[in-house]
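As provided, model.cif (mmCIF, C-alpha atoms) reads as follows.
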data_my_file
#
loop_
_atom_site.label_atom_id
_atom_site.label_comp_id
_atom_site.auth_asym_id
_atom_site.auth_seq_id
_atom_site.Cartn_x
_atom_site.Cartn_y
_atom_site.Cartn_z
CA MET A 21 55.26 65.89 106.15
CA THR A 22 54.12 63.79 103.22
CA ILE A 23 56.16 61.12 101.49
CA PRO A 24 55.22 61.00 97.78
CA PHE A 25 55.48 57.74 95.90
CA LEU A 26 57.80 59.41 93.40
CA ASP A 27 59.04 62.99 93.26
CA LEU A 28 60.64 63.78 89.91
CA LYS A 29 60.79 67.47 90.79
CA ILE A 30 63.66 66.83 93.20
CA GLN A 31 65.59 64.83 90.62
CA HIS A 32 65.18 67.48 87.95
CA GLN A 33 65.99 70.31 90.34
CA ASP A 34 69.28 68.52 91.09
CA LEU A 35 70.01 68.29 87.35
CA ARG A 36 68.46 71.62 86.35
CA SER A 37 71.63 73.37 85.18
CA GLU A 38 72.76 70.38 83.07
CA LEU A 39 69.30 69.83 81.60
CA THR A 40 68.96 73.54 80.81
CA GLN A 41 72.34 73.57 79.09
CA ALA A 42 71.37 70.50 77.04
CA PHE A 43 68.09 72.14 76.06
CA ASN A 44 69.87 75.29 74.93
CA GLU A 45 72.40 73.31 72.90
CA VAL A 46 69.67 71.43 71.05
CA LEU A 47 67.65 74.61 70.56
CA ASP A 48 70.65 76.47 69.18
CA SER A 49 71.56 73.58 66.88
CA GLY A 50 68.28 73.85 65.00
CA TRP A 51 68.25 70.04 64.59
CA PHE A 52 65.54 68.16 66.47
CA ILE A 53 65.11 64.72 64.87
CA GLN A 54 67.80 62.05 64.27
CA GLY A 55 70.78 64.27 64.86
CA ASN A 56 74.00 64.18 66.83
CA GLN A 57 72.43 63.85 70.28
CA LEU A 58 70.56 60.71 69.26
CA ALA A 59 73.64 59.21 67.63
CA LEU A 60 75.70 59.84 70.77
CA PHE A 61 73.04 58.49 73.10
CA GLU A 62 72.67 55.35 70.99
CA GLN A 63 76.42 54.75 71.18
CA GLU A 64 76.52 55.38 74.93
CA TYR A 65 73.48 53.27 75.79
CA ALA A 66 74.62 50.37 73.59
CA SER A 67 77.96 50.50 75.40
CA TYR A 68 76.20 50.60 78.76
CA CYS A 69 74.13 47.49 77.90
CA ASN A 70 77.16 45.72 76.36
CA THR A 71 75.43 45.41 72.98
CA LYS A 72 76.51 46.32 69.46
CA HIS A 73 73.44 48.38 68.62
CA CYS A 74 70.96 50.76 70.21
CA ILE A 75 68.08 52.13 68.13
CA GLY A 76 66.16 54.99 69.72
CA VAL A 77 62.39 54.94 69.22
CA GLY A 78 59.33 56.81 70.42
CA ASN A 79 58.47 54.70 73.48
CA GLY A 80 58.81 51.27 75.06
CA LEU A 81 55.70 49.81 73.40
CA ASP A 82 57.02 50.82 69.99
CA ALA A 83 60.34 49.19 70.83
CA LEU A 84 58.72 45.80 71.46
CA HIS A 85 56.32 46.11 68.53
CA LEU A 86 59.04 47.05 66.06
CA ILE A 87 61.24 44.13 67.13
CA LEU A 88 58.41 41.74 66.29
CA ARG A 89 57.79 43.50 62.97
CA ALA A 90 61.46 43.39 62.07
CA TYR A 91 61.51 39.65 62.70
CA GLY A 92 58.52 39.19 60.42
CA ILE A 93 56.23 38.06 63.23
CA GLY A 94 52.60 38.89 62.53
CA ALA A 95 49.19 37.55 61.58
CA GLY A 96 48.71 33.87 62.40
CA ASP A 97 51.71 33.82 64.75
CA GLU A 98 51.75 33.49 68.53
CA VAL A 99 54.00 35.27 71.02
CA ILE A 100 54.38 33.90 74.53
CA VAL A 101 54.00 36.68 77.10
CA PRO A 102 53.79 36.79 80.90
CA SER A 103 50.28 36.81 82.34
CA ASN A 104 51.61 39.12 85.07
CA THR A 105 52.80 42.29 83.36
CA TYR A 106 51.74 45.73 82.22
CA ILE A 107 49.48 45.49 79.18
CA ALA A 108 52.09 47.04 76.84
CA THR A 109 53.81 43.66 76.56
CA TRP A 110 50.63 42.11 75.19
CA LEU A 111 49.83 45.13 73.01
CA ALA A 112 53.17 44.78 71.22
CA ALA A 113 52.16 41.33 70.00
CA SER A 114 48.71 42.60 69.02
CA TYR A 115 50.11 45.59 67.12
CA ALA A 116 52.25 43.22 65.08
CA GLY A 117 49.14 41.19 64.24
CA ALA A 118 50.16 38.22 66.38
CA THR A 119 48.29 36.63 69.28
CA PRO A 120 49.66 36.98 72.83
CA VAL A 121 49.70 33.65 74.68
CA PRO A 122 49.97 34.19 78.44
CA VAL A 123 52.09 32.06 80.74
CA GLU A 124 51.79 32.29 84.51
CA PRO A 125 54.59 33.71 86.71
CA ASP A 126 56.68 32.25 89.46
CA LEU A 127 54.87 33.46 92.59
CA LEU A 128 58.17 34.24 94.32
CA THR A 129 59.72 36.50 91.67
CA TYR A 130 56.56 37.55 89.76
CA ASN A 131 58.44 36.97 86.49
CA ILE A 132 57.33 34.47 83.84
CA SER A 133 57.89 30.88 84.96
CA ALA A 134 60.36 29.19 82.65
CA GLU A 135 58.99 25.83 83.80
CA LEU A 136 55.56 26.63 82.32
CA ILE A 137 56.66 28.04 78.95
CA GLU A 138 57.18 24.79 77.07
CA ALA A 139 53.58 23.66 77.60
CA ALA A 140 52.36 26.86 75.89
CA ILE A 141 54.41 26.38 72.70
CA THR A 142 52.49 25.43 69.54
CA PRO A 143 53.46 25.24 65.84
CA ARG A 144 52.36 28.89 65.59
CA THR A 145 54.69 30.14 68.33
CA LYS A 146 57.41 32.43 67.00
CA ALA A 147 58.79 34.25 70.03
CA ILE A 148 58.98 34.43 73.82
CA MET A 149 58.75 37.87 75.38
CA ALA A 150 60.25 37.90 78.89
CA VAL A 151 59.52 40.87 81.13
CA HIS A 152 62.02 41.86 83.82
CA LEU A 153 59.28 43.00 86.16
CA TYR A 154 59.86 45.57 88.91
CA GLY A 155 63.58 45.72 88.00
CA GLN A 156 64.51 42.04 88.44
CA VAL A 157 65.66 39.98 85.47
CA ALA A 158 63.73 36.83 84.50
CA ASP A 159 65.53 33.47 84.36
CA MET A 160 67.01 34.08 80.92
CA ASP A 161 69.28 31.04 80.63
CA ALA A 162 66.30 28.74 81.10
CA ILE A 163 64.17 30.77 78.70
CA ASN A 164 66.89 30.91 76.03
CA SER A 165 67.40 27.16 76.34
CA ILE A 166 63.72 26.48 75.66
CA ALA A 167 63.72 28.93 72.76
CA GLY A 168 66.76 27.26 71.22
CA LYS A 169 65.06 23.88 71.40
CA TYR A 170 62.10 25.15 69.36
CA GLY A 171 63.81 27.74 67.14
CA LEU A 172 62.09 30.73 68.76
CA LYS A 173 63.19 34.34 69.11
CA VAL A 174 63.59 35.71 72.63
CA ILE A 175 62.80 39.36 73.36
CA GLU A 176 63.48 41.11 76.64
CA ASP A 177 60.94 43.63 77.87
CA ALA A 178 63.56 45.61 79.77
CA ALA A 179 61.36 48.63 80.42
CA GLN A 180 61.88 48.37 84.19
CA SER A 181 65.37 46.89 84.46
CA GLN A 182 67.95 49.41 83.29
CA GLY A 183 71.20 48.30 84.91
CA ALA A 184 69.92 45.05 86.42
CA LEU A 185 72.21 42.01 86.38
CA TYR A 186 71.54 38.35 85.68
CA LYS A 187 74.45 36.10 86.65
CA GLY A 188 76.70 39.13 86.24
CA ARG A 189 75.34 40.05 82.80
CA LEU A 190 73.38 43.22 82.10
CA SER A 191 69.72 43.39 81.23
CA GLY A 192 69.23 44.41 77.61
CA GLY A 193 71.85 42.06 76.19
CA LEU A 194 70.51 38.70 77.29
CA ALA A 195 68.40 37.73 74.26
CA ASP A 196 67.97 38.33 70.54
CA ALA A 197 66.80 41.87 71.26
CA ALA A 198 65.46 44.00 74.09
CA GLY A 199 62.90 46.79 74.27
CA HIS A 200 63.51 49.66 76.70
CA SER A 201 61.24 52.39 78.00
CA PHE A 202 62.35 55.85 79.08
CA TYR A 203 58.98 56.88 80.48
CA PRO A 204 59.72 59.60 83.07
CA GLY A 205 59.23 57.34 86.09
CA LYS A 206 61.71 54.66 84.95
CA ASN A 207 65.15 54.26 86.51
CA LEU A 208 66.44 56.00 83.39
CA GLY A 209 63.60 58.32 82.46
CA ALA A 210 63.24 61.03 79.85
CA LEU A 211 61.28 64.25 80.25
CA GLY A 212 58.54 62.76 78.09
CA ASP A 213 58.05 59.52 76.21
CA GLY A 214 61.01 57.66 74.80
CA GLY A 215 62.28 54.16 74.13
CA ALA A 216 65.04 52.12 72.55
CA ILE A 217 65.99 48.70 71.27
CA THR A 218 69.29 46.99 72.02
CA THR A 219 70.61 44.02 70.06
CA ASN A 220 73.73 42.32 68.73
CA ASP A 221 71.91 41.34 65.52
CA ASP A 222 73.27 43.52 62.67
CA ALA A 223 70.50 42.64 60.22
CA LEU A 224 67.80 43.31 62.81
CA ALA A 225 69.33 46.69 63.67
CA ASP A 226 69.30 47.73 60.00
CA LYS A 227 65.63 46.77 59.66
CA LEU A 228 64.71 48.61 62.83
CA ARG A 229 66.39 51.81 61.71
CA MET A 230 64.23 51.70 58.58
CA LEU A 231 61.02 50.75 60.36
CA ARG A 232 61.26 53.58 62.89
CA ASN A 233 61.72 56.13 60.10
CA TYR A 234 58.87 55.51 57.64
CA GLY A 235 60.66 52.49 56.20
CA SER A 236 63.42 54.72 54.86
CA GLN A 237 67.21 54.72 55.02
CA ILE A 238 67.60 57.47 52.43
CA LYS A 239 65.25 60.45 52.67
CA TYR A 240 62.16 60.10 50.46
CA LYS A 241 63.14 56.55 49.46
CA ASN A 242 60.85 54.15 51.30
CA GLU A 243 61.89 50.52 51.06
CA VAL A 244 59.23 49.06 53.37
CA LYS A 245 56.00 50.20 55.04
CA GLY A 246 57.45 51.76 58.14
CA PHE A 247 56.39 53.83 61.12
CA ASN A 248 57.16 57.19 62.67
CA SER A 249 58.78 56.28 65.98
CA ARG A 250 61.92 58.25 66.69
CA LEU A 251 63.60 59.29 69.92
CA ASP A 252 63.97 63.04 69.47
CA GLU A 253 67.08 65.11 70.03
CA LEU A 254 65.88 66.77 73.23
CA GLN A 255 65.05 63.50 74.95
CA ALA A 256 68.31 61.95 73.76
CA ALA A 257 70.24 64.90 75.20
CA PHE A 258 68.42 64.64 78.53
CA LEU A 259 68.95 60.88 78.67
CA ARG A 260 72.68 61.27 78.06
CA ILE A 261 72.88 63.37 81.23
CA LYS A 262 70.83 60.92 83.26
CA LEU A 263 72.70 57.86 81.98
CA LYS A 264 75.81 59.13 83.75
CA LYS A 265 73.83 59.05 87.02
CA LEU A 266 72.09 55.71 86.50
CA ASP A 267 74.48 53.43 88.38
CA GLN A 268 74.61 55.83 91.33
CA TRP A 269 70.81 56.09 91.39
CA ASN A 270 70.46 52.31 91.23
CA GLN A 271 72.79 51.93 94.19
CA GLN A 272 70.65 54.35 96.16
CA ARG A 273 67.57 52.34 95.23
CA LYS A 274 69.26 49.18 96.50
CA ALA A 275 70.09 50.85 99.81
CA LEU A 276 66.47 51.87 100.29
CA ALA A 277 65.21 48.42 99.29
CA SER A 278 67.54 46.94 101.91
CA ILE A 279 65.95 49.14 104.58
CA TYR A 280 62.52 47.83 103.58
CA GLN A 281 63.70 44.23 103.39
CA GLN A 282 65.27 44.35 106.85
CA GLY A 283 62.70 46.58 108.50
CA LEU A 284 59.67 44.60 107.37
CA GLN A 285 61.02 41.14 108.19
CA GLY A 286 58.81 39.06 110.48
CA LEU A 287 55.45 40.47 109.38
CA THR A 288 53.75 37.20 108.55
CA SER A 289 50.82 38.94 106.83
CA LEU A 290 53.12 40.76 104.40
CA THR A 291 54.99 39.05 101.54
CA LEU A 292 58.30 40.75 100.74
CA PRO A 293 60.14 40.57 97.39
CA SER A 294 62.18 37.43 96.78
CA VAL A 295 65.54 37.71 95.02
CA PRO A 296 67.20 34.59 93.54
CA GLU A 297 70.90 34.18 94.25
CA TRP A 298 71.71 34.82 90.59
CA ALA A 299 69.81 38.12 90.43
CA ASP A 300 70.95 41.67 91.18
CA PRO A 301 67.82 43.81 90.75
CA VAL A 302 67.71 47.59 90.38
CA TRP A 303 64.45 47.98 92.32
CA HIS A 304 62.48 49.99 89.81
CA LEU A 305 59.65 49.20 92.21
CA TYR A 306 59.60 47.77 95.72
CA VAL A 307 56.46 45.65 95.71
CA VAL A 308 54.96 43.81 98.67
CA ARG A 309 51.83 41.65 98.81
CA SER A 310 49.07 41.75 101.37
CA ALA A 311 45.63 40.16 101.57
CA ARG A 312 44.62 43.48 103.18
CA ARG A 313 46.20 45.55 100.44
CA ASP A 314 43.44 48.15 100.13
CA ASP A 315 43.26 48.74 103.89
CA LEU A 316 47.03 49.04 104.04
CA GLN A 317 47.01 51.59 101.24
CA GLN A 318 44.36 53.66 103.00
CA HIS A 319 46.33 53.52 106.25
CA LEU A 320 49.49 54.76 104.55
CA GLN A 321 47.57 57.45 102.70
CA SER A 322 46.13 58.71 106.00
CA LEU A 323 49.71 59.21 107.15
CA GLY A 324 50.71 61.09 104.00
CA ILE A 325 52.58 58.17 102.44
CA GLY A 326 52.00 57.66 98.73
CA THR A 327 51.72 54.20 97.18
CA VAL A 328 50.74 52.82 93.77
CA ILE A 329 49.31 49.48 92.69
CA HIS A 330 51.32 47.89 89.87
CA TYR A 331 48.93 46.64 88.53
CA PRO A 332 45.29 46.42 89.66
CA ILE A 333 43.88 44.46 86.69
CA PRO A 334 45.80 41.75 84.81
CA PRO A 335 45.82 42.03 81.00
CA HIS A 336 43.57 39.00 80.43
CA LEU A 337 40.76 40.64 82.41
CA GLN A 338 40.99 43.98 80.60
CA GLY A 339 38.29 44.90 78.11
CA ALA A 340 40.98 45.11 75.45
CA TYR A 341 41.40 41.33 75.45
CA THR A 342 37.87 40.00 75.72
CA GLU A 343 38.39 38.15 72.41
CA LEU A 344 40.77 35.73 74.16
CA ASN A 345 37.87 34.52 76.33
CA LEU A 346 40.03 34.27 79.44
CA SER A 347 37.53 34.47 82.28
CA PRO A 348 38.26 35.24 85.96
CA GLY A 349 40.04 32.27 87.46
CA SER A 350 41.71 31.26 84.21
CA LEU A 351 45.11 32.62 85.30
CA PRO A 352 44.88 32.36 89.09
CA ILE A 353 48.50 33.13 90.00
CA SER A 354 48.47 36.39 88.08
CA GLU A 355 45.06 37.28 89.50
CA LYS A 356 46.28 36.67 93.05
CA ILE A 357 49.30 38.90 92.48
CA HIS A 358 47.23 41.73 91.01
CA ALA A 359 44.79 41.55 93.91
CA GLU A 360 47.50 41.83 96.57
CA VAL A 361 50.43 43.95 95.33
CA ILE A 362 51.25 47.43 96.51
CA SER A 363 54.36 49.45 95.62
CA LEU A 364 56.05 51.44 98.37
CA PRO A 365 57.82 54.80 97.85
CA LEU A 366 61.25 54.25 96.34
CA ASP A 367 63.39 56.56 94.27
CA PRO A 368 67.01 57.74 94.51
CA TYR A 369 66.00 60.95 96.26
CA LEU A 370 63.96 59.31 99.02
CA SER A 371 65.75 59.83 102.33
CA ILE A 372 66.80 57.03 104.65
CA ALA A 373 64.67 58.67 107.34
CA ASP A 374 61.56 58.66 105.16
CA ALA A 375 62.10 55.01 104.27
CA GLY A 376 62.22 54.35 108.01
CA ARG A 377 58.94 56.22 108.44
CA VAL A 378 57.33 53.98 105.82
CA VAL A 379 58.56 50.88 107.67
CA ALA A 380 57.22 52.19 110.98
CA ALA A 381 53.84 52.99 109.43
CA ILE A 382 53.49 49.50 107.98
CA ARG A 383 54.51 47.85 111.23
CA GLN A 384 51.95 50.03 113.03
CA PHE A 385 49.26 48.76 110.63
CA TYR A 386 50.05 45.13 111.43
CA ALA A 387 50.56 45.64 115.17
#
Give the structure from the file, written as structure tokens.
Amino acid sequence: MTIPFLDLKIQHQDLRSELTQAFNEVLDSGWFIQGNQLALFEQEYASYCNTKHCIGVGNGLDALHLILRAYGIGAGDEVIVPSNTYIATWLAASYAGATPVPVEPDLLTYNISAELIEAAITPRTKAIMAVHLYGQVADMDAINSIAGKYGLKVIEDAAQSQGALYKGRLSGGLADAAGHSFYPGKNLGALGDGGAITTNDDALADKLRMLRNYGSQIKYKNEVKGFNSRLDELQAAFLRIKLKKLDQWNQQRKALASIYQQGLQGLTSLTLPSVPEWADPVWHLYVVRSARRDDLQQHLQSLGIGTVIHYPIPPHLQGAYTELNLSPGSLPISEKIHAEVISLPLDPYLSIADAGRVVAAIRQFYA
């Protein structure tokens, strides 16, 4: 019996009747863009994140990019980004015309190191983009303090942290604005691409609603050069159903992560996730590190256990960013992480027994 890394079929089979009803309601309404379902989802997700505004957009990358655009950040500006992240964080800065400036992570949490940010700030720096990687929130109080000292905007990349807590406060409401992804594999995932922005900034929210819709508030009246990035009615309807399940699903993720944490203790060749006392992660991914990562992955695959590497190549070594002239060895902490990480199966529908099988298989590898 195989254990897939992620099985969305089970999740959607469980929700099939509700999803089908939502589909039929949208189909029968005849309204597919910026209608009632989107308005309701925006209200519900803003309430969930404890923010005043939620603006639905086409995907998580658009969410981050449009925040930068709305703040007027562009050509000649710099945006501090983590060196250890998915490339979308960097691309958002590039799309806005700014330059991403990477800062190394804390090797324990894999999130951007607040202690290293200040040294990367220049007169051109306009914003800090903090990624809550793998479902654990970055040290936002420290980051906000640095930003306040230099007059910088702080943007959360909350693509992987829906429902995560930082000192009792929810991800998505810990900075000037936050970008969210509803890619199908996320803790709150659509049945296609989708994204959103949460913020308490009224002026920013107004600008974002224009930017996502061709720069228009009134149809055929375009006040600025905008974009076409709108969360559609079907995805909003599906997300409303899943949002009601999110906290329950996150609790199930935590239970599975606990099995891994306890079951894999004592393996000196395996580095387990580290959780600061102020963090309450939602375990979008359960990521371990091993110097024998590739051999471990092959061993698990031979036993029918699926794994994924998040991520094999850091952004600064991708062909997309050759112009930054960041050669191998220039960001050694990030490079070490990318060379060693492997994500184990973890989703709300993974059984306790299967999680135990994964633990046994890993212990067998290191025996």
Next on the checklist: For the provided coordinates, the residues matched by the PyMOL selection byres ((chain A and resi 152-159) around 9) should be stated as an MDAnalysis selection string.
Outcome noted: chainID A and resid 104:106 129:134 150:151 160:164 176:186 191 207 295 298:307 330
Next on the checklist: Taking only C-alpha atoms into account, name the residue in A:Leu251, A:Val101, A:Leu81, A:Ala375 that is nearest to Phe52 in chain A.
Outcome noted: A:Leu251
Next on the checklist: At a cut-off of 10 Å, using all atoms listed in the file, what residues contact range 255-263 of chain A? Leave out same-chain residues fewer than 6 positions from it and give the result as a VMD selection string.
Outcome noted: chain A and resid 31 to 32 35 38 to 43 45 to 46 52 to 62 64 to 65 68 76 78 182 202 207 to 215 269
Next on the checklist: Given the PyMOL selection byres ((chain A and resi 235) around 12) and the file above, list the residues it selects as a VMD selection string.
Outcome noted: chain A and resid 86 89 to 90 226 to 234 236 to 249
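The smallest atom-to-atom distance between Leu194 in chain A and any of A:Lys173, A:Lys206, A:Arg144, A:His85, using only C-alpha atoms, is found for A:Lys173.
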Item to check | Counting all atoms listed in the file, the residue of A:Ser67, A:Ser322, A:Ser363, A:Gln268 that sits nearest Thr291 in chain A | outcome: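 Residue with the minimum atom-to-atom distance to Thr291 in chain A: A:Ser363.
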Checklist outcome for this item: Correct to one decimal, the distance CA of Ile357 in chain A-CA of Gln338 in chain A is 15.4 Å
Please rebuild range 52-67 of chain A with N, CA, C and O atoms and give the result as a tab-separated table (two decimals), in the coordinates of the input.
chain	number	residue	atom	x	y	z
A	52	PHE	N	66.36	68.71	65.41
A	52	PHE	CA	65.54	68.16	66.47
A	52	PHE	C	65.17	66.68	66.30
A	52	PHE	O	64.65	66.07	67.23
A	53	ILE	N	65.43	66.12	65.13
A	53	ILE	CA	65.11	64.72	64.87
A	53	ILE	C	66.32	64.03	64.25
A	53	ILE	O	66.89	64.53	63.27
A	54	GLN	N	66.73	62.88	64.81
A	54	GLN	CA	67.80	62.05	64.27
A	54	GLN	C	69.07	62.84	63.96
A	54	GLN	O	69.60	62.81	62.85
A	55	GLY	N	69.55	63.50	64.99
A	55	GLY	CA	70.78	64.27	64.86
A	55	GLY	C	71.90	63.72	65.73
A	55	GLY	O	71.92	62.54	66.08
A	56	ASN	N	72.80	64.60	66.11
A	56	ASN	CA	74.00	64.18	66.83
A	56	ASN	C	73.71	63.67	68.23
A	56	ASN	O	74.35	62.73	68.70
A	57	GLN	N	72.74	64.29	68.92
A	57	GLN	CA	72.43	63.85	70.28
A	57	GLN	C	71.91	62.41	70.29
A	57	GLN	O	72.29	61.62	71.16
A	58	LEU	N	71.07	62.09	69.34
A	58	LEU	CA	70.56	60.71	69.26
A	58	LEU	C	71.70	59.75	68.95
A	58	LEU	O	71.81	58.68	69.58
A	59	ALA	N	72.53	60.09	67.99
A	59	ALA	CA	73.64	59.21	67.63
A	59	ALA	C	74.55	58.95	68.82
A	59	ALA	O	74.98	57.81	69.07
A	60	LEU	N	74.83	60.00	69.60
A	60	LEU	CA	75.70	59.84	70.77
A	60	LEU	C	75.02	59.01	71.85
A	60	LEU	O	75.65	58.15	72.48
A	61	PHE	N	73.73	59.27	72.09
A	61	PHE	CA	73.04	58.49	73.10
A	61	PHE	C	72.99	57.02	72.71
A	61	PHE	O	73.20	56.13	73.55
A	62	GLU	N	72.72	56.74	71.44
A	62	GLU	CA	72.67	55.35	70.99
A	62	GLU	C	74.01	54.64	71.22
A	62	GLU	O	74.05	53.48	71.64
A	63	GLN	N	75.09	55.34	70.94
A	63	GLN	CA	76.42	54.75	71.18
A	63	GLN	C	76.63	54.49	72.68
A	63	GLN	O	77.10	53.42	73.07
A	64	GLU	N	76.27	55.47	73.49
A	64	GLU	CA	76.52	55.38	74.93
A	64	GLU	C	75.64	54.33	75.59
A	64	GLU	O	76.09	53.58	76.47
A	65	TYR	N	74.38	54.24	75.16
A	65	TYR	CA	73.48	53.27	75.79
A	65	TYR	C	73.79	51.85	75.33
A	65	TYR	O	73.69	50.90	76.12
A	66	ALA	N	74.18	51.69	74.06
A	66	ALA	CA	74.62	50.37	73.59
A	66	ALA	C	75.84	49.92	74.39
A	66	ALA	O	75.93	48.75	74.82
A	67	SER	N	76.78	50.82	74.61
A	67	SER	CA	77.96	50.50	75.40
A	67	SER	C	77.58	50.13	76.83
A	67	SER	O	78.11	49.16	77.40
